[in-house]
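To keep things clear, I will list the structure first and then write my remarks on it.
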Amino acid sequence: MLRSIIPSLALIFQCTVSTAQAVSGVQSVPEAHKISTARIVKTTRGYIKGIEEQGIFVFKGIPYASAARFKAPTPRPAWKDTLSCTEFGPVAPQWDGKVVGEEDCLQLNLYTSGVKGKKPVVVWVHGGGMTGGTGKWMNGHAFADHDSIITITINYRLGALGFLYMGDVPGYETAPNNAVLDLVASLQWIRENIAAFGGDPDRVTVMGESAGAKLSSVLLVAPAAKGKYQQLVLESGGVNCIRDTATAQAIRKRLMDTLGIRDPNEFLRLPVNDIIAAQAKVLKGASGTNYFGPMADNKVVYGDAYNWLKKHPLKNVRVLLGSNKAEALLFMNIDRRLYHPDVQVLRDWFGKNGDLVKMPADTAGIMQMLSRIMYQLHTYRLANVLGAQKANVWLYSFEQTSQGKPATHGQELGYIWGSKQPLENPGLEQVIHRDWVNFIKGKNLWTKYDGRKLGMIYGEPTREERIAGWEDVSFPAMGFLLD
């Protein structure tokens, strides 16, 4: 793994981040490929300067909004001089063995093969358990260099700074959904500015994996996002990340108890390092990555999401979504208790919902059950709701083995974005990347999902057929529940 971080982040963060970095060689570009030619573009807030890199124009660390602590993002003040956007900006505050990052982190990185034309746009929303990660760790060259797709990777606020309940503090009611509003603000910036970079504001695809897919899925039930995107790609994640108020309040209490404070107003005055360090203690282990997420306040985010979507059919939005065959294998190897989960382990992972889980006795059955509860169930539920509306929905299952083991969480990234490390099935990389390019460009894929559970199975061989789904109506729509 590329980063030495606490187990609470390792669950999703290390898998998706290290895969993304190994996939794309993200952080650095070999000197031989760097070109000093600058490119200046006028945005609504002022001129920015990028660089030419590997034959395309790249703008790094573009500020798309301003963020005061626990406040909704606001438009960035205009600047007079040309702003240099040639280096990546700071990551959102997070734990990396120590506290790293800065609160002024709402920046994006933009890769374009030319500033003329009306190219489709893909916006990458990184994973990391809602508590870690950054947009700069995914290489935008993967889609921008040869596919004529403008690629944008974003930062958004994480953990307590992006999702903390502050509803009892006047003026901070949006706090549990500020990360959602950050994503919406980035889409608003794109809508206002992308034409200057050669992009089409009416051909925007939001794509995320793991926590990034979960956050992206919330756009479906966030009224402020309407009209700011046209397509979604949800890789291992759905609307099960939305919390109720009681759960959000319970998580805040754990954080306050760890900090030794009683008044939530103290969060406004505490050093950011204290908040993030306490957050790391609260998360404890791998299961802690389930703690933070958007909250259904029926203003910024509506819930229950499935019922909302049934009453408000999706119009003019295309969705590609799926999961991996053995999602839970990664988590089982990080939290070895999951190989023999008892009541306490299941409560650590799913809160009160853990009491509903009837776990098989064998390892294969445990892995299958956990994979279903963590990701597959929620993917199928969302596909069923959208498919019943005759929406433009395509379902997939990633099932390519790796070193004799079934496909686990995050392993599809190397096939979608390209990998610098050898892949078990190199031909599959071309197939998947081509399908994702075609979707981003607005083309139809295999048979649309209509409730018959037809989808594409990526493996050996790749084929379209019925995907083995699972539906347990007794398991709540909200994945993690506290009281």
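Ordered as shown in the structure tokens, chains take letters A, B, and onward, while each chain numbers its residues from 1 and ligands are numbered from 1 in the order shown.
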
When DSSP is applied to the backbone of this structure, which of segment 155-334 of chain A are assigned strand (DSSP E or B)? Write them out as a PyMOL selection string.
chain A and resi 199-209+231-235+243+295+318-324

I need the helix (DSSP H, G or I) residues of segment 222-451 of chain A per DSSP on the backbone, written as a PyMOL selection string.
chain A and resi 223-225+239-241+245-259+264-268+272-283+286-290+305-311+328-334+336-339+343-350+352-356+363-388+413-417+426-440

Just write the chosen residues, C-alpha atoms, as a CSV table (one decimal), in the first residue's frame.
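Writing done, so here's out-v2.csv:
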chain,number,residue,atom,x,y,z
A,223,PRO,CA,-32.7,19.2,-5.8
A,224,ALA,CA,-29.8,21.6,-6.1
A,225,ALA,CA,-28.0,19.2,-8.5
A,239,VAL,CA,-27.8,5.8,-1.8
A,240,ASN,CA,-27.5,3.6,1.3
A,241,CYS,CA,-24.9,6.1,2.5
A,245,THR,CA,-30.9,12.5,12.0
A,246,ALA,CA,-30.6,10.2,15.0
A,247,THR,CA,-27.6,8.4,13.5
A,248,ALA,CA,-25.9,11.7,12.6
A,249,GLN,CA,-26.4,13.0,16.2
A,250,ALA,CA,-25.1,9.7,17.7
A,251,ILE,CA,-21.9,10.0,15.6
A,252,ARG,CA,-21.4,13.6,16.7
A,253,LYS,CA,-21.9,12.6,20.4
A,254,ARG,CA,-19.1,10.0,20.0
A,255,LEU,CA,-16.8,12.7,18.6
A,256,MET,CA,-17.8,15.2,21.3
A,257,ASP,CA,-17.1,12.6,24.0
A,258,THR,CA,-13.7,11.9,22.6
A,259,LEU,CA,-12.9,15.6,22.5
A,264,PRO,CA,-21.4,21.8,19.7
A,265,ASN,CA,-20.4,25.5,19.3
A,266,GLU,CA,-16.9,24.4,20.4
A,267,PHE,CA,-16.5,22.8,17.0
A,268,LEU,CA,-16.3,26.3,15.5
A,272,VAL,CA,-8.8,21.4,12.8
A,273,ASN,CA,-6.0,19.1,14.0
A,274,ASP,CA,-7.9,18.4,17.2
A,275,ILE,CA,-11.1,17.5,15.3
A,276,ILE,CA,-9.4,15.2,12.8
A,277,ALA,CA,-7.3,13.5,15.5
A,278,ALA,CA,-10.4,12.8,17.6
A,279,GLN,CA,-12.2,11.6,14.5
A,280,ALA,CA,-9.5,9.0,13.9
A,281,LYS,CA,-10.0,7.7,17.4
A,282,VAL,CA,-13.7,7.5,17.0
A,283,LEU,CA,-13.4,5.6,13.7
A,286,ALA,CA,-12.0,-0.5,9.4
A,287,SER,CA,-15.7,-0.5,10.2
A,288,GLY,CA,-15.5,3.2,11.1
A,289,THR,CA,-15.5,4.1,7.5
A,290,ASN,CA,-19.3,3.6,7.6
A,305,ALA,CA,-34.1,7.9,-1.4
A,306,TYR,CA,-35.9,4.9,-3.0
A,307,ASN,CA,-39.3,6.2,-2.2
A,308,TRP,CA,-38.4,9.7,-3.4
A,309,LEU,CA,-37.2,8.3,-6.7
A,310,LYS,CA,-40.4,6.3,-7.1
A,311,LYS,CA,-42.4,9.5,-6.7
A,328,ALA,CA,-16.2,-8.0,1.1
A,329,LEU,CA,-12.9,-9.9,0.7
A,330,LEU,CA,-10.9,-6.7,1.0
A,331,PHE,CA,-12.6,-5.8,4.3
A,332,MET,CA,-12.3,-9.3,5.7
A,333,ASN,CA,-8.6,-9.2,5.2
A,334,ILE,CA,-8.4,-5.8,6.9
A,336,ARG,CA,-10.1,-10.4,10.4
A,337,ARG,CA,-13.0,-10.6,12.8
A,338,LEU,CA,-15.2,-10.7,9.7
A,339,TYR,CA,-14.1,-14.2,9.0
A,343,VAL,CA,-23.0,-9.9,17.2
A,344,GLN,CA,-20.5,-7.2,18.2
A,345,VAL,CA,-18.6,-7.3,15.0
A,346,LEU,CA,-21.8,-7.0,12.9
A,347,ARG,CA,-22.9,-4.1,15.1
A,348,ASP,CA,-19.6,-2.4,14.6
A,349,TRP,CA,-20.0,-2.6,10.9
A,350,PHE,CA,-23.8,-2.0,10.4
A,352,LYS,CA,-28.4,-1.7,14.7
A,353,ASN,CA,-28.8,-3.3,11.3
A,354,GLY,CA,-26.2,-5.8,12.3
A,355,ASP,CA,-28.9,-7.6,14.4
A,356,LEU,CA,-30.8,-8.4,11.2
A,363,THR,CA,-16.1,-18.6,4.8
A,364,ALA,CA,-17.4,-18.5,1.2
A,365,GLY,CA,-21.0,-17.9,2.4
A,366,ILE,CA,-19.8,-15.2,4.8
A,367,MET,CA,-18.0,-13.4,2.0
A,368,GLN,CA,-21.0,-13.6,-0.2
A,369,MET,CA,-23.4,-12.4,2.4
A,370,LEU,CA,-21.2,-9.5,3.4
A,371,SER,CA,-20.7,-8.5,-0.2
A,372,ARG,CA,-24.4,-8.4,-0.7
A,373,ILE,CA,-25.1,-6.3,2.4
A,374,MET,CA,-22.3,-3.9,1.8
A,375,TYR,CA,-22.8,-3.1,-1.9
A,376,GLN,CA,-24.7,-5.5,-4.1
A,377,LEU,CA,-28.1,-5.2,-2.4
A,378,HIS,CA,-28.1,-1.4,-2.7
A,379,THR,CA,-26.9,-1.5,-6.2
A,380,TYR,CA,-29.7,-3.8,-7.3
A,381,ARG,CA,-32.3,-1.8,-5.3
A,382,LEU,CA,-31.3,1.4,-7.1
A,383,ALA,CA,-31.3,-0.4,-10.5
A,384,ASN,CA,-34.7,-1.9,-9.8
A,385,VAL,CA,-36.2,1.5,-8.9
A,386,LEU,CA,-34.7,3.2,-12.0
A,387,GLY,CA,-35.4,0.3,-14.3
A,388,ALA,CA,-39.1,0.2,-13.3
A,413,LEU,CA,-10.3,0.6,-11.3
A,414,GLY,CA,-7.2,-0.7,-13.0
A,415,TYR,CA,-9.3,-1.9,-15.9
A,416,ILE,CA,-11.2,1.3,-16.3
A,417,TRP,CA,-8.4,3.8,-15.9
A,426,PRO,CA,-5.1,-7.3,-20.3
A,427,GLY,CA,-7.7,-7.6,-23.1
A,428,LEU,CA,-10.5,-6.9,-20.6
A,429,GLU,CA,-8.9,-3.5,-19.9
A,430,GLN,CA,-9.6,-2.4,-23.5
A,431,VAL,CA,-13.1,-3.7,-23.3
A,432,ILE,CA,-14.1,-2.0,-20.1
A,433,HIS,CA,-12.3,1.3,-20.9
A,434,ARG,CA,-14.1,1.3,-24.3
A,435,ASP,CA,-17.5,0.8,-22.7
A,436,TRP,CA,-16.9,3.6,-20.2
A,437,VAL,CA,-15.8,5.9,-23.0
A,438,ASN,CA,-18.9,5.1,-25.0
A,439,PHE,CA,-21.1,5.7,-22.1
A,440,ILE,CA,-19.5,9.1,-21.3

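Of the residues under consideration (A:Pro90, A:Glu327, A:Gly117, A:Lys441), A:Lys441 shows the shortest atom-to-atom contact distance to Val204 of chain A when counting only C-alpha atoms.
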
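Closest approach to Tyr172 of chain A among A:Val221, A:Ala196, A:Ala72, A:Val123: A:Ala72, based on only C-alpha atoms.
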
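Across the model, the gap from atom CA of Leu106 of chain A to atom CA of Thr134 of chain A is 10.5 Å.
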
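Residues with any atom within 9 Å of Trp189 of chain A, counting only C-alpha atoms and excluding same-chain neighbours fewer than 2 positions away, are Thr44, Tyr64, Ala65, Pro75, Val184, Ala185, Ser186, Leu187, Arg191, Glu192, Asn193 and Ile194 of chain A.
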
Write to file, as an mmCIF file, in the first residue's frame, the residues of the selection just made, with N, CA and C atoms.
data_model
loop_
_atom_site.group_PDB
_atom_site.id
_atom_site.type_symbol
_atom_site.label_atom_id
_atom_site.label_comp_id
_atom_site.auth_asym_id
_atom_site.auth_seq_id
_atom_site.Cartn_x
_atom_site.Cartn_y
_atom_site.Cartn_z
ATOM 1 N N THR A 44 -14.911 32.590 -15.037
ATOM 2 C CA THR A 44 -15.814 33.616 -14.536
ATOM 3 C C THR A 44 -15.222 34.396 -13.361
ATOM 4 N N TYR A 64 -12.794 26.104 -7.048
ATOM 5 C CA TYR A 64 -14.148 26.167 -7.600
ATOM 6 C C TYR A 64 -15.149 26.779 -6.627
ATOM 7 N N ALA A 65 -14.772 26.888 -5.349
ATOM 8 C CA ALA A 65 -15.654 27.493 -4.350
ATOM 9 C C ALA A 65 -14.837 27.804 -3.108
ATOM 10 N N PRO A 75 -19.433 31.034 -3.816
ATOM 11 C CA PRO A 75 -18.578 31.336 -4.971
ATOM 12 C C PRO A 75 -17.247 31.948 -4.541
ATOM 13 N N VAL A 184 -21.986 19.689 -5.727
ATOM 14 C CA VAL A 184 -22.885 20.509 -6.540
ATOM 15 C C VAL A 184 -22.190 21.798 -6.975
ATOM 16 N N ALA A 185 -21.421 22.405 -6.080
ATOM 17 C CA ALA A 185 -20.699 23.639 -6.419
ATOM 18 C C ALA A 185 -19.676 23.396 -7.519
ATOM 19 N N SER A 186 -19.013 22.246 -7.478
ATOM 20 C CA SER A 186 -18.056 21.934 -8.549
ATOM 21 C C SER A 186 -18.772 21.792 -9.881
ATOM 22 N N LEU A 187 -19.971 21.190 -9.861
ATOM 23 C CA LEU A 187 -20.743 21.040 -11.098
ATOM 24 C C LEU A 187 -21.230 22.393 -11.602
ATOM 25 N N ARG A 191 -20.421 24.012 -15.177
ATOM 26 C CA ARG A 191 -21.469 24.506 -16.077
ATOM 27 C C ARG A 191 -21.139 25.913 -16.558
ATOM 28 N N GLU A 192 -20.585 26.744 -15.692
ATOM 29 C CA GLU A 192 -20.296 28.132 -16.048
ATOM 30 C C GLU A 192 -19.004 28.295 -16.857
ATOM 31 N N ASN A 193 -18.073 27.345 -16.732
ATOM 32 C CA ASN A 193 -16.730 27.576 -17.268
ATOM 33 C C ASN A 193 -16.240 26.572 -18.304
ATOM 34 N N ILE A 194 -16.890 25.425 -18.410
ATOM 35 C CA ILE A 194 -16.280 24.349 -19.192
ATOM 36 C C ILE A 194 -16.163 24.680 -20.673
#

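Closest approach to Gly127 of chain A among A:Met456, A:Leu321, A:Ala213, A:Ala407: A:Ala213, based on only C-alpha atoms.
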